[in-house]
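Asks: Below you'll find input-v5.txt; it's compact mmCIF, C-alpha atoms.
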# COMPACT_ATOMS: atom_id res chain seq x y z
CA MET A 1 0.00 0.00 0.00
CA VAL A 2 1.19 3.51 -0.75
CA ALA A 3 2.21 5.27 2.42
CA ILE A 4 0.39 8.44 3.36
CA VAL A 5 2.85 10.91 4.82
CA GLN A 6 1.89 14.38 6.03
CA ILE A 7 3.85 17.44 7.08
CA HIS A 8 2.69 18.45 10.53
CA GLU A 9 3.19 21.74 12.30
CA LYS A 10 3.08 21.28 16.07
CA ASN A 11 1.89 23.98 18.44
CA GLY A 12 1.22 24.56 22.12
CA ALA A 13 2.25 22.68 25.20
CA GLY A 14 0.05 19.82 24.02
CA GLU A 15 1.97 19.39 20.76
CA ILE A 16 -1.22 19.90 18.75
CA PRO A 17 -0.65 18.87 15.11
CA THR A 18 -1.91 20.76 12.06
CA ASP A 19 -1.60 19.15 8.64
CA LYS A 20 0.47 21.49 6.47
CA THR A 21 0.86 19.13 3.52
CA SER A 22 0.58 21.16 0.32
CA ALA A 23 -0.07 24.25 2.41
CA THR A 24 1.76 27.26 3.85
CA ILE A 25 3.30 28.13 7.18
CA ARG A 26 3.27 31.70 8.48
CA TYR A 27 6.05 33.02 10.69
CA LYS A 28 4.56 35.29 13.33
CA ASN A 29 4.86 36.54 16.87
CA ALA A 30 2.54 33.87 18.24
CA ASP A 31 2.45 30.12 18.64
CA ASN A 32 -0.27 28.96 16.27
CA ALA A 33 -0.58 27.37 12.83
CA THR A 34 -3.05 29.88 11.44
CA VAL A 35 -2.02 31.66 8.24
CA ASP A 36 -3.36 35.15 8.89
CA ALA A 37 -2.22 38.73 9.51
CA ASN A 38 -2.48 38.55 13.28
CA ASP A 39 0.63 38.86 15.45
CA PRO A 40 2.82 39.96 12.53
CA MET A 41 6.57 40.26 12.57
CA VAL A 42 7.65 43.80 13.47
CA ILE A 43 10.52 45.80 11.98
CA PRO A 44 12.43 46.94 15.05
CA VAL A 45 13.95 50.41 15.45
CA SER A 46 17.20 48.60 16.04
CA GLY A 47 18.24 45.00 16.43
CA SER A 48 16.03 42.09 15.43
CA ASP A 49 12.55 40.67 15.87
CA PHE A 50 12.52 36.86 16.08
CA SER A 51 9.40 34.86 15.27
CA PHE A 52 8.14 31.96 17.32
CA ASP A 53 9.73 28.71 16.23
CA LYS A 54 7.84 26.55 13.75
CA TRP A 55 8.10 22.88 14.71
CA LEU A 56 7.62 20.69 11.63
CA ILE A 57 7.80 16.91 11.39
CA LEU A 58 6.75 14.17 8.96
CA SER A 59 3.89 12.00 10.17
CA VAL A 60 2.81 8.69 8.63
CA THR A 61 -0.93 7.93 8.67
CA VAL A 62 -0.81 4.85 6.41
CA ALA A 63 2.30 2.68 6.72
CA PRO A 64 4.45 1.82 3.69
CA ASP A 65 4.69 -1.69 2.25
CA THR A 66 8.24 -1.99 3.55
CA GLN A 67 9.85 1.19 4.84
CA ILE A 68 10.53 4.90 4.60
CA GLU A 69 14.07 6.22 4.93
CA ASN A 70 16.47 8.97 3.88
CA LEU A 71 14.41 11.88 5.23
CA LEU A 72 15.63 15.26 3.97
CA ALA A 73 14.53 18.89 3.87
CA TYR A 74 15.71 21.76 1.71
CA MET A 75 14.82 25.18 0.34
CA ASP A 76 14.53 25.99 -3.35
CA GLY A 77 17.41 28.42 -3.51
CA ALA A 78 18.49 31.83 -2.32
CA ASN A 79 16.53 33.91 0.18
CA GLY A 80 13.75 35.70 -1.69
CA TRP A 81 12.25 37.40 1.34
CA GLY A 82 14.19 40.57 0.72
CA THR A 83 16.61 42.73 2.63
CA GLY A 84 16.66 42.25 6.37
CA VAL A 85 14.46 39.14 6.54
CA LEU A 86 16.36 35.99 7.46
CA GLY A 87 15.45 32.34 7.95
CA TRP A 88 17.04 30.00 10.47
CA TYR A 89 16.75 26.32 11.38
CA LYS A 90 17.95 23.57 13.66
CA THR A 91 16.76 20.03 14.23
CA ALA A 92 15.56 18.38 17.42
CA GLY A 93 14.81 14.85 18.45
CA SER A 94 11.94 15.74 20.74
CA TYR A 95 9.34 18.48 21.00
CA SER A 96 9.33 21.58 23.16
CA THR A 97 6.60 24.20 23.34
CA PRO A 98 7.38 26.80 20.64
CA SER A 99 8.84 30.08 21.79
CA ALA A 100 10.48 33.14 20.28
CA PRO A 101 14.25 32.81 20.69
CA ALA A 102 16.27 35.81 21.81
CA SER A 103 18.87 35.28 19.12
CA ALA A 104 19.87 33.02 16.25
CA ALA A 105 22.61 31.38 18.29
CA GLY A 106 22.60 27.65 17.66
CA TYR A 107 20.67 28.00 14.42
CA THR A 108 21.88 27.65 10.82
CA ASP A 109 20.93 29.82 7.85
CA LEU A 110 17.82 28.13 6.40
CA PHE A 111 18.81 29.06 2.86
CA THR A 112 22.05 27.12 3.07
CA ALA A 113 19.88 23.99 3.10
CA THR A 114 19.61 23.42 -0.63
CA ILE A 115 18.89 20.48 -2.92
CA GLY A 116 22.64 19.86 -3.05
CA SER A 117 23.14 20.26 0.69
CA PRO A 118 19.89 19.22 2.38
CA ILE A 119 19.05 18.90 6.06
CA ASP A 120 19.32 15.34 7.36
CA MET A 121 15.91 14.83 8.95
CA ASP A 122 16.60 11.47 10.55
CA ALA A 123 20.01 12.07 12.05
CA ILE A 124 18.71 11.93 15.65
CA ASN A 125 15.65 9.69 15.36
CA THR A 126 17.16 7.38 12.78
CA GLY A 127 15.30 5.37 10.16
CA PRO A 128 14.22 3.28 8.42
CA PHE A 129 10.60 3.63 9.54
CA SER A 130 7.93 1.02 8.92
CA GLY A 131 4.96 2.01 11.05
CA THR A 132 2.66 4.97 11.55
CA GLY A 133 3.08 8.13 13.60
CA ASP A 134 5.73 10.85 13.59
CA ILE A 135 9.01 9.87 11.96
CA GLY A 136 12.47 11.39 12.04
CA ASP A 137 13.50 14.66 13.59
CA TYR A 138 11.72 17.95 14.14
CA LEU A 139 12.64 20.83 11.86
CA GLN A 140 12.69 23.85 14.13
CA THR A 141 12.68 26.97 11.97
CA MET A 142 12.17 30.65 12.64
CA GLU A 143 12.35 34.02 10.94
CA GLU A 144 14.39 37.07 11.91
CA VAL A 145 13.43 40.58 10.85
CA VAL A 146 16.15 43.17 11.27
CA ASP A 147 15.87 46.94 11.26
CA THR A 148 16.85 47.20 7.57
CA ALA A 149 13.79 45.24 6.38
CA ASN A 150 11.10 46.74 4.19
CA GLN A 151 7.46 46.91 5.23
CA GLY A 152 4.86 44.57 3.81
CA VAL A 153 4.21 40.88 3.28
CA THR A 154 7.22 38.99 1.96
CA SER A 155 6.97 36.60 -0.96
CA ASP A 156 6.52 32.89 -0.28
CA GLU A 157 9.41 30.45 -0.36
CA THR A 158 9.31 26.71 -1.04
CA LEU A 159 10.35 24.14 1.57
CA THR A 160 10.67 20.55 0.37
CA PHE A 161 10.54 17.40 2.48
CA SER A 162 11.90 14.31 0.72
CA TYR A 163 11.98 10.61 1.58
CA ASP A 164 12.49 7.24 -0.07
CA GLU A 165 9.62 4.74 0.07
CA SER A 166 9.71 1.04 -0.64
CA MET B 1 14.88 15.64 -12.37
CA ASP B 2 13.13 18.90 -11.54
CA LYS B 3 12.13 19.78 -15.10
CA LEU B 4 8.60 18.39 -14.95
CA PRO B 5 5.96 20.41 -13.10
CA VAL B 6 5.11 19.58 -9.52
CA SER B 7 1.94 17.50 -9.29
CA GLN B 8 -1.01 18.40 -7.07
CA THR B 9 -1.92 14.71 -6.77
CA VAL B 10 -0.98 12.98 -3.54
CA PHE B 11 1.00 9.79 -4.01
CA HIS B 12 -1.73 7.35 -2.98
CA GLU B 13 -4.07 8.86 -5.60
CA ASP B 14 -1.48 8.87 -8.40
CA PRO B 15 -2.61 6.45 -11.15
CA LEU B 16 1.00 6.13 -12.30
CA ASN B 17 2.31 5.12 -8.91
CA TYR B 18 4.54 2.04 -9.08
CA GLU B 19 3.97 -1.21 -7.25
CA LEU B 20 7.30 -2.62 -6.06
CA SER B 21 8.10 -6.29 -5.53
CA MET B 22 10.98 -8.76 -5.28
CA ASP B 23 10.65 -12.45 -6.08
CA CYS B 24 12.40 -15.35 -4.38
CA ASP B 25 15.28 -15.19 -6.89
CA GLY B 26 16.02 -11.60 -5.98
CA VAL B 27 14.53 -10.09 -9.12
CA ARG B 28 13.11 -6.66 -8.33
CA LYS B 29 10.18 -5.31 -10.29
CA ALA B 30 8.35 -1.97 -10.41
CA VAL B 31 5.08 -1.88 -12.32
CA ASN B 32 2.56 0.81 -13.13
CA SER B 33 -0.04 1.09 -15.89
CA ILE B 34 2.51 2.07 -18.56
CA ASN B 35 5.98 0.99 -17.43
CA THR B 36 7.74 -2.00 -15.93
CA LEU B 37 11.26 -1.77 -14.55
CA ILE B 38 13.01 -5.08 -13.86
CA ILE B 39 16.34 -5.30 -12.05
CA LEU B 40 18.09 -8.64 -12.29
CA PRO B 41 20.15 -9.70 -9.27
CA ASP B 42 23.51 -9.21 -10.97
CA GLY B 43 24.93 -7.30 -8.03
CA GLU B 44 23.75 -5.09 -5.17
CA THR B 45 20.29 -3.81 -6.05
CA LYS B 46 17.81 -1.28 -4.68
CA LEU B 47 14.37 -0.21 -5.78
CA PHE B 48 12.36 2.58 -4.22
CA GLN B 49 10.25 5.63 -4.95
CA ARG B 50 11.73 9.00 -4.09
CA ARG B 51 9.00 11.28 -2.82
CA ALA B 52 9.00 15.04 -2.33
CA MET B 53 6.37 17.15 -0.64
CA LYS B 54 6.63 20.89 -1.11
CA ILE B 55 4.99 23.58 1.00
CA GLY B 56 4.83 27.31 0.37
CA LYS B 57 5.31 28.94 -3.02
CA ASN B 58 5.54 25.82 -5.22
CA LYS B 59 3.48 23.54 -3.01
CA GLY B 60 2.69 20.11 -4.36
CA PHE B 61 4.02 16.60 -4.73
CA ASP B 62 6.76 15.00 -6.77
CA SER B 63 7.87 11.41 -7.21
CA ALA B 64 10.42 9.41 -9.17
CA LEU B 65 11.05 5.68 -9.37
CA VAL B 66 14.65 4.81 -8.56
CA GLY B 67 16.34 1.53 -9.44
CA GLU B 68 19.95 0.80 -8.58
CA LEU B 69 22.44 -1.87 -9.63
CA ASP B 70 25.94 -1.73 -8.15
CA GLY B 71 25.74 2.02 -7.57
CA VAL B 72 24.37 2.92 -10.99
CA ARG B 73 20.90 4.38 -10.72
CA VAL B 74 18.03 4.82 -13.13
CA TYR B 75 15.54 7.56 -12.29
CA ILE B 76 12.15 7.39 -14.01
CA LYS B 77 9.78 10.33 -13.77
CA GLY B 78 7.00 10.40 -16.31
CA ASN B 79 8.63 9.91 -19.69
CA GLU B 80 12.00 11.17 -18.48
CA ILE B 81 14.65 8.54 -17.74
CA VAL B 82 18.07 9.37 -16.29
CA LEU B 83 20.91 6.89 -15.84
CA THR B 84 23.57 8.10 -13.42
CA LYS B 85 25.62 7.41 -10.34
CA GLN B 86 24.38 10.67 -8.79
CA ASP B 87 21.95 10.98 -5.91
CA LEU B 88 19.34 13.15 -7.64
CA ARG B 89 16.59 14.96 -5.75
CA LEU B 90 13.22 16.37 -6.73
What do you get writing this file as C-alpha cells?
Replies:
Amino acid sequence: MVAIVQIHEKNGAGEIPTDKTSATIRYKNADNATVDANDPMVIPVSGSDFSFDKWLILSVTVAPDTQIENLLAYMDGANGWGTGVLGWYKTAGSYSTPSAPASAAGYTDLFTATIGSPIDMDAINTGPFSGTGDIGDYLQTMEEVVDTANQGVTSDETLTFSYDES
Amino acid sequence: MDKLPVSQTVFHEDPLNYELSMDCDGVRKAVNSINTLIILPDGETKLFQRRAMKIGKNKGFDSALVGELDGVRVYIKGNEIVLTKQDLRL
C-alpha cells in the first residue's frame, strides 16, 4: 500500500498537530498554525525581531509496504524574502513548546539547506521507519526581521521534504 | 529531475504510482499502468520511490522511481529517464 505521509506543524504545550501538507506556514509573533495577519513580525527600530519557532515533522498515517528512509529537507534556492528578513533552522529529536528565541545562536541559515546540501531529517531519530506516527526529527525553523527590512508581506518560499519509500 | 511540473496529486491517488516487488530469486520489479522496470540480481540492487512534498510557493508533490544496480541508478519520472551514479533529488 502507498504510504500516506503528512507534514505536521506542532503547536502549544500539548503538541497539537496541524496538517500542512501542500499548504503554507506563516512566521509570526505567536504560537499557532493559522495563516493570517495577526501577530505579525515587526521591523524593530534597532536589532532584530525573532518569530516563534515553527516545529515541523513528517507524520505517517498509512504505513508503507516496507519502509521509509532517507528523510531530507531543503529550500529551493536563495533567500527571496528581501533585505533584512532571514530564515534559520535547527533540528531536534523531541518536542518543546514553541517560543520566540532571543537570538539566532545555535541556528543555521535556512537558505544554506539546498537540494545539493539538504538537512538530514533522521540524524537523531534514525530510520528506516515502517509504522505509523511521527518519523524522524523535528525541523525547528524561525524568521528574523532586522531593522533594515522593508514593510509589507514577503513573498513565499518553497520548503521541500523528501523521503524514499519502498 | 526537476524539469517536470510539480503535481497536485498525492501519491496514494497517483494512477502512475509504481507497485514494487521482489521475487524469491532476488529479481526486483516496479510496475505501473505504462511501465515495468526489472532489475536482475547481478549485483547489489535497490528499488524505491523517491517522494517530495513541497509547501509554500511551489506547493505540491513530486515522485520518481529509482532503481539501482551496483551504484548505478536509473531515475524514471513520467517519460523522463536518467541513468547516473548521482543521488538526484526532486
Asks: Which distance in Å separates atom CA of Glu13 of chain B and atom CA of Gly60 of chain B, to one decimal?
Replies: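 Between atom CA of Glu13 of chain B and atom CA of Gly60 of chain B the gap works out to 13.2 Å.
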Asks: Counting only C-alpha atoms, which residues in chain B sit no more than 7 Å from chain A? For each one, give the nearest pair of atoms and the distance in Å, sorted by chain then residue number, as CSV.
Replies:
residue,atom,partner,partner_atom,distance
B:His12,CA,A:Val2,CA,5.3
B:Leu20,CA,A:Ser166,CA,7.0
B:Phe48,CA,A:Ser166,CA,4.7
B:Gln49,CA,A:Glu165,CA,5.1
B:Arg50,CA,A:Asp164,CA,4.5
B:Arg51,CA,A:Tyr163,CA,5.4
B:Ala52,CA,A:Ser162,CA,4.3
B:Met53,CA,A:Phe161,CA,5.2
B:Lys54,CA,A:Thr160,CA,4.3
B:Ile55,CA,A:Ser22,CA,5.1
B:Gly56,CA,A:Thr24,CA,4.6
B:Lys57,CA,A:Asp156,CA,5.0
B:Asn58,CA,A:Thr158,CA,5.7
B:Lys59,CA,A:Ser22,CA,5.0
B:Gly60,CA,A:Ser22,CA,5.2
B:Arg89,CA,A:Ile115,CA,6.6
Asks: Between B:Ala64, B:Val31, B:Asp70, B:Met22, which residue has the minimum interatomic distance to Val82 of chain B, considering all atoms listed in the file?
Replies: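 Among B:Ala64, B:Val31, B:Asp70, B:Met22, it is B:Ala64 that comes nearest to Val82 of chain B.
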Asks: With 6 Å as the threshold, what does the neighbourhood of (16.4, 9.7, -10.7) contain in terms of residues, counting all atoms listed in the file? Coordinates are those of the file; answer as a ChimeraX atom specification.
Replies: /B:66,74-76,82,88
Asks: Taking (0.4, 16.2, 13.2) as a centre in this file's frame and 10 Å as the limit, can you find every polymer residue with an atom that close, using all atoms listed in the file, and give them as a list in words?
Replies: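 Residues with an atom at most 10 Å from (0.4, 16.2, 13.2): Gln6, Ile7, His8, Glu9, Lys10, Asn11, Glu15, Ile16, Pro17, Thr18, Asp19, Lys20, Leu56, Ile57, Leu58, Ser59, Val60, Thr61, Gly133 and Asp134 of chain A.
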Asks: Can you pull out every residue within 12 Å of Thr36 of chain B, counting only C-alpha atoms, but drop anything in the same chain fewer than 2 positions away, and send it as a list of chain:residue names?
Replies: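 Result of the neighbour search: B:Leu16, B:Asn17, B:Tyr18, B:Glu19, B:Leu20, B:Ser21, B:Arg28, B:Lys29, B:Ala30, B:Val31, B:Asn32, B:Ser33, B:Ile34, B:Ile38, B:Ile39, B:Leu65, B:Gly67, B:Ile76.
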Asks: Kindly compute an axis-aligned box around the listed atoms of segment 28-43 of chain A, allowing 4 Å on each side, and express its centre and edge lengths in Å to one decimal as JSON.
Replies:
{"center_x": 3.6, "center_y": 36.6, "center_z": 13.4, "size_x": 21.9, "size_y": 26.4, "size_z": 18.4}
Asks: Could you please determine the separation between atom CA of Val10 of chain B and atom CA of Gly131 of chain A in Å, to one decimal place?
Replies: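 Here the two named atoms are 19.2 Å from each other.
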Asks: Pick out the closest residue to Thr9 of chain B from this set: B:Val27, B:Pro41, B:Asp62, B:Asn35. Count all atoms listed in the file.
Replies: B:Asp62
